[in-house]
Amino acid sequence: MSASGIRPGRRGRSVVTGIGVVAPTGIGAARHWESVLAGKSGLARITRFDPTGYPVHVAGEVPGFHAGEHVPGRLVPQTDRFTHFALAAAEAALLDAAADPATLPEYEMAVVTASSSGGTEFGQHEMENLYQKGSPWVGAYQSIAWFYAATTGQISIRHGMRGPCGVICGEQAGGLDALGQSRRLLDTGSRLVLSGGTDASLCPYGLVAQLSTGRLSTEDDPARAYLPFDTAASGFVPGEGGAMLVVENAGTARARGVAAYGELLGYAAGFDAAAHDGAARHSVLAAVVRRALADASLAPGDVDVVFADAAGTLAEDLAEARAITEVFGPGGVPVTAPKTLTGRLYAGGAALDAATALLSLSAGVIPHTAGLGRPAPGCDIDLVLDRPRRTDPRTAMVLARGHGGFTSALILGAGAHDARPR
C-alpha cells in the first residue's frame, strides 16, 4: 500500500481539478472558453518574425504574453518560450485547483508533460550567436533550454514536486499520452500530477522544420487558412501554447473540498506505420477509439461528443471521419474541432482540446467548429457548425494524431456543473 492509500496496479478514479490555459484564444481558461463559445479566432498574420520570405504567413500566436509577468525573472533568459507557457499554465492550474504544493508530500507530486519540438526559438538564437559572434557568445543554458524535458524539470523544481517526472514526445498525440500517463502515476502512489503540454515553434527555424511535412496551409486569409473536414481544406495552421491540468485521485480532491471539472475515464494509444508514407488509414484510429471505450467500460452510444484531431488535409480528415463513422455510425455522435480558432498547437493542441472538452462538460454545451463552409464529400459526421449546441453532454472523447503515426484517444466524464474556470 502506498502512502496515498492506493494499491499499486489498482485503478482509482482520476479527476481534473485545475486547468491552466495559454493559447491564441487567450490567457486563462475563462478567456479561452469565452473565445471558443464566441467563435473568436486567434489566427492572424505572423508577427513574431517577418514571414514574407516563407510560404506560410498565418499562425495562431498567444496574444499579450509577456514572460516576465508569469515567470520568475531569473528563469526568463534561461528557458524557452514553450517552458514560459507551461510555467504560466501550471501556476494557473494549481491556483484553479486550490492546491498548494507546499502543503503536500513532495514525493507524492508528479509532473508529466508533452513536447513536440522543445526549445526551438531558444536554440535558434543560440545558433545565431554562434555563427554571427562566435562560440564564446553561446550561453550555458543552451544545453538544457532546448531539451524536451526542460519544461517538466522547471515545473518540478519551481513547485517542489519530487515524485515521478517525465516527458512524452508524440507530437499532437503527446498531449493525450501525458494525461494517460498521469492516471498511471496516480495508480502507483502519486497524489497529484501536473500534466499537459505546450509548444512554441513560431520562429524561422521552427517554421522551416514544420514545412517539411507538406501539411501546412499557405493560404494568406486567416479565415480560410484552416478548414478541416471542408471542401476547401488546404492544410493546417501552426500555433503556439497549450494547457496544463491538475490531475489527482478523487478521494484526495474530495478530502480537500474541491470540485472536479471531470474524470479521466479511458485512454488508449496506437501507431499507424503507414503514416510514414503519407497514407491516411482509418483502421488504427478506429481500433484506438474502441480500446479507449473498453478501458472506460463504455459503449459508443455513451459518448456525447467527439473532439476531433482535425488534420486539415482532405485525405487525413476523410480517414478520421471514416473512423468515427465506423465506431459510432453515420452522424452517430456530435463532432467538433474548436482548434480552428487556434491552429494546431502540436503537443499543446491535444492538451488544450482536453481542457476545452472539460469546460464543455462543465458548461453543458458543445462548442462549434468555427469558419467552415461546406463539409467535404465522404465526411459523414455530425459536425457542430455555426453555433454552440446545448445538449448537456456528460461524456467526451478527444482524438489526436501525431506526425509519423502516433494515435491516441482520451475519454472524459463530467464532474460538477459548477466547476467553471475561476
# chains A, B, ... in the order shown; residues from 1 in each chain; ligands from 1

$ select_by_dssp --residues "range 293-419 of chain A" --states "strand (DSSP E)" --output "PyMOL selection string"
chain A and resi 305-307+334-336+382-383+395-402+406-414

$ write_last_selection --atoms "C-alpha atoms" --output "mmCIF file, in the first residue's frame"
data_model
loop_
_atom_site.group_PDB
_atom_site.id
_atom_site.type_symbol
_atom_site.label_atom_id
_atom_site.label_comp_id
_atom_site.auth_asym_id
_atom_site.auth_seq_id
_atom_site.Cartn_x
_atom_site.Cartn_y
_atom_site.Cartn_z
ATOM 1 C CA VAL A 305 -19.296 14.466 -28.210
ATOM 2 C CA VAL A 306 -16.029 13.832 -30.035
ATOM 3 C CA PHE A 307 -13.319 16.491 -30.172
ATOM 4 C CA PRO A 334 -21.712 15.222 -32.467
ATOM 5 C CA VAL A 335 -18.172 16.097 -33.608
ATOM 6 C CA THR A 336 -16.380 19.385 -33.069
ATOM 7 C CA ASP A 382 -22.444 15.276 -37.351
ATOM 8 C CA LEU A 383 -20.103 18.262 -37.344
ATOM 9 C CA THR A 395 -19.010 12.189 -21.740
ATOM 10 C CA ALA A 396 -16.468 13.451 -24.274
ATOM 11 C CA MET A 397 -13.823 11.736 -26.379
ATOM 12 C CA VAL A 398 -10.721 13.602 -27.546
ATOM 13 C CA LEU A 399 -8.771 12.296 -30.542
ATOM 14 C CA ALA A 400 -5.206 13.149 -31.523
ATOM 15 C CA ARG A 401 -2.818 12.017 -34.251
ATOM 16 C CA GLY A 402 0.828 12.994 -34.263
ATOM 17 C CA PHE A 406 1.182 8.456 -33.185
ATOM 18 C CA THR A 407 -2.529 7.948 -32.444
ATOM 19 C CA SER A 408 -4.349 8.473 -29.125
ATOM 20 C CA ALA A 409 -7.839 8.746 -27.670
ATOM 21 C CA LEU A 410 -8.923 10.025 -24.248
ATOM 22 C CA ILE A 411 -12.397 9.769 -22.722
ATOM 23 C CA LEU A 412 -13.533 12.319 -20.157
ATOM 24 C CA GLY A 413 -16.570 12.232 -17.882
ATOM 25 C CA ALA A 414 -18.375 15.256 -16.473
#

$ residues_around --residues "Val237 in chain A" --least-positions-apart "3" --cutoff "6 Å" --atoms "only C-alpha atoms" --output "list in words"
Ala59, Leu216, Ser217, Tyr226 and Gly343 of chain A

$ closest_atom_pairs --of "range 40-83 of chain A" --to "range 371-375 of chain A" --cutoff "12 Å" --atoms "only C-alpha atoms" --output "JSON lines"
{"residue": "A:Lys40", "atom": "CA", "partner": "A:Gly371", "partner_atom": "CA", "distance": 9.9}
{"residue": "A:Ser41", "atom": "CA", "partner": "A:Gly371", "partner_atom": "CA", "distance": 9.0}
{"residue": "A:Leu43", "atom": "CA", "partner": "A:Gly371", "partner_atom": "CA", "distance": 11.4}

$ closest_residue --among "A:Thr79, A:Thr103, A:Asn249, A:Ser283" --to "Asp187 in chain A" --atoms "only C-alpha atoms"
A:Asn249

$ residues_around --residues "Glu34 in chain A" --least-positions-apart "6" --cutoff "12 Å" --atoms "only C-alpha atoms" --output "count of residues only"
16

$ closest_residue --among "A:Val56, A:Ala67, A:Leu95, A:Ala233" --to "Ala315 in chain A" --atoms "only C-alpha atoms"
A:Ala233

$ residues_around --residues "range 62-66 of chain A" --least-positions-apart "3" --cutoff "12 Å" --atoms "only C-alpha atoms" --output "number ranges by chain"
A: 21-28, 31-32, 41-44, 46-48, 59, 69-73, 76, 81-82, 84-85, 88-89, 198-202, 238-242, 341-343, 345

$ atom_distance --atom1 "CA of Ala376 in chain A" --atom2 "CA of Phe229 in chain A"
5.6 Å

$ closest_residue --among "A:Thr325, A:Thr152, A:Ser143, A:Ser190" --to "Leu104 in chain A" --atoms "only C-alpha atoms"
A:Ser190

$ closest_residue --among "A:Ala110, A:Val246, A:Ala355, A:Ile366" --to "Thr188 in chain A" --atoms "only C-alpha atoms"
A:Ala110

$ residues_around --residues "Val208 in chain A" --least-positions-apart "2" --cutoff "12 Å" --atoms "only C-alpha atoms" --output "JSON, numbers by chain"
{"A": [51, 53, 54, 55, 56, 120, 124, 201, 202, 203, 204, 205, 206, 210, 211, 212, 213, 214, 216, 238]}

$ closest_residue --among "A:Ala92, A:Val333, A:Val384, A:Ala321" --to "Gly301 in chain A" --atoms "only C-alpha atoms"
A:Val333

$ closest_residue --among "A:Gly20, A:Gly332, A:Gly266, A:Pro228" --to "Leu179 in chain A" --atoms "only C-alpha atoms"
A:Gly266

$ atom_distance --atom1 "CA of Leu285 in chain A" --atom2 "CA of Pro330 in chain A"
16.2 Å
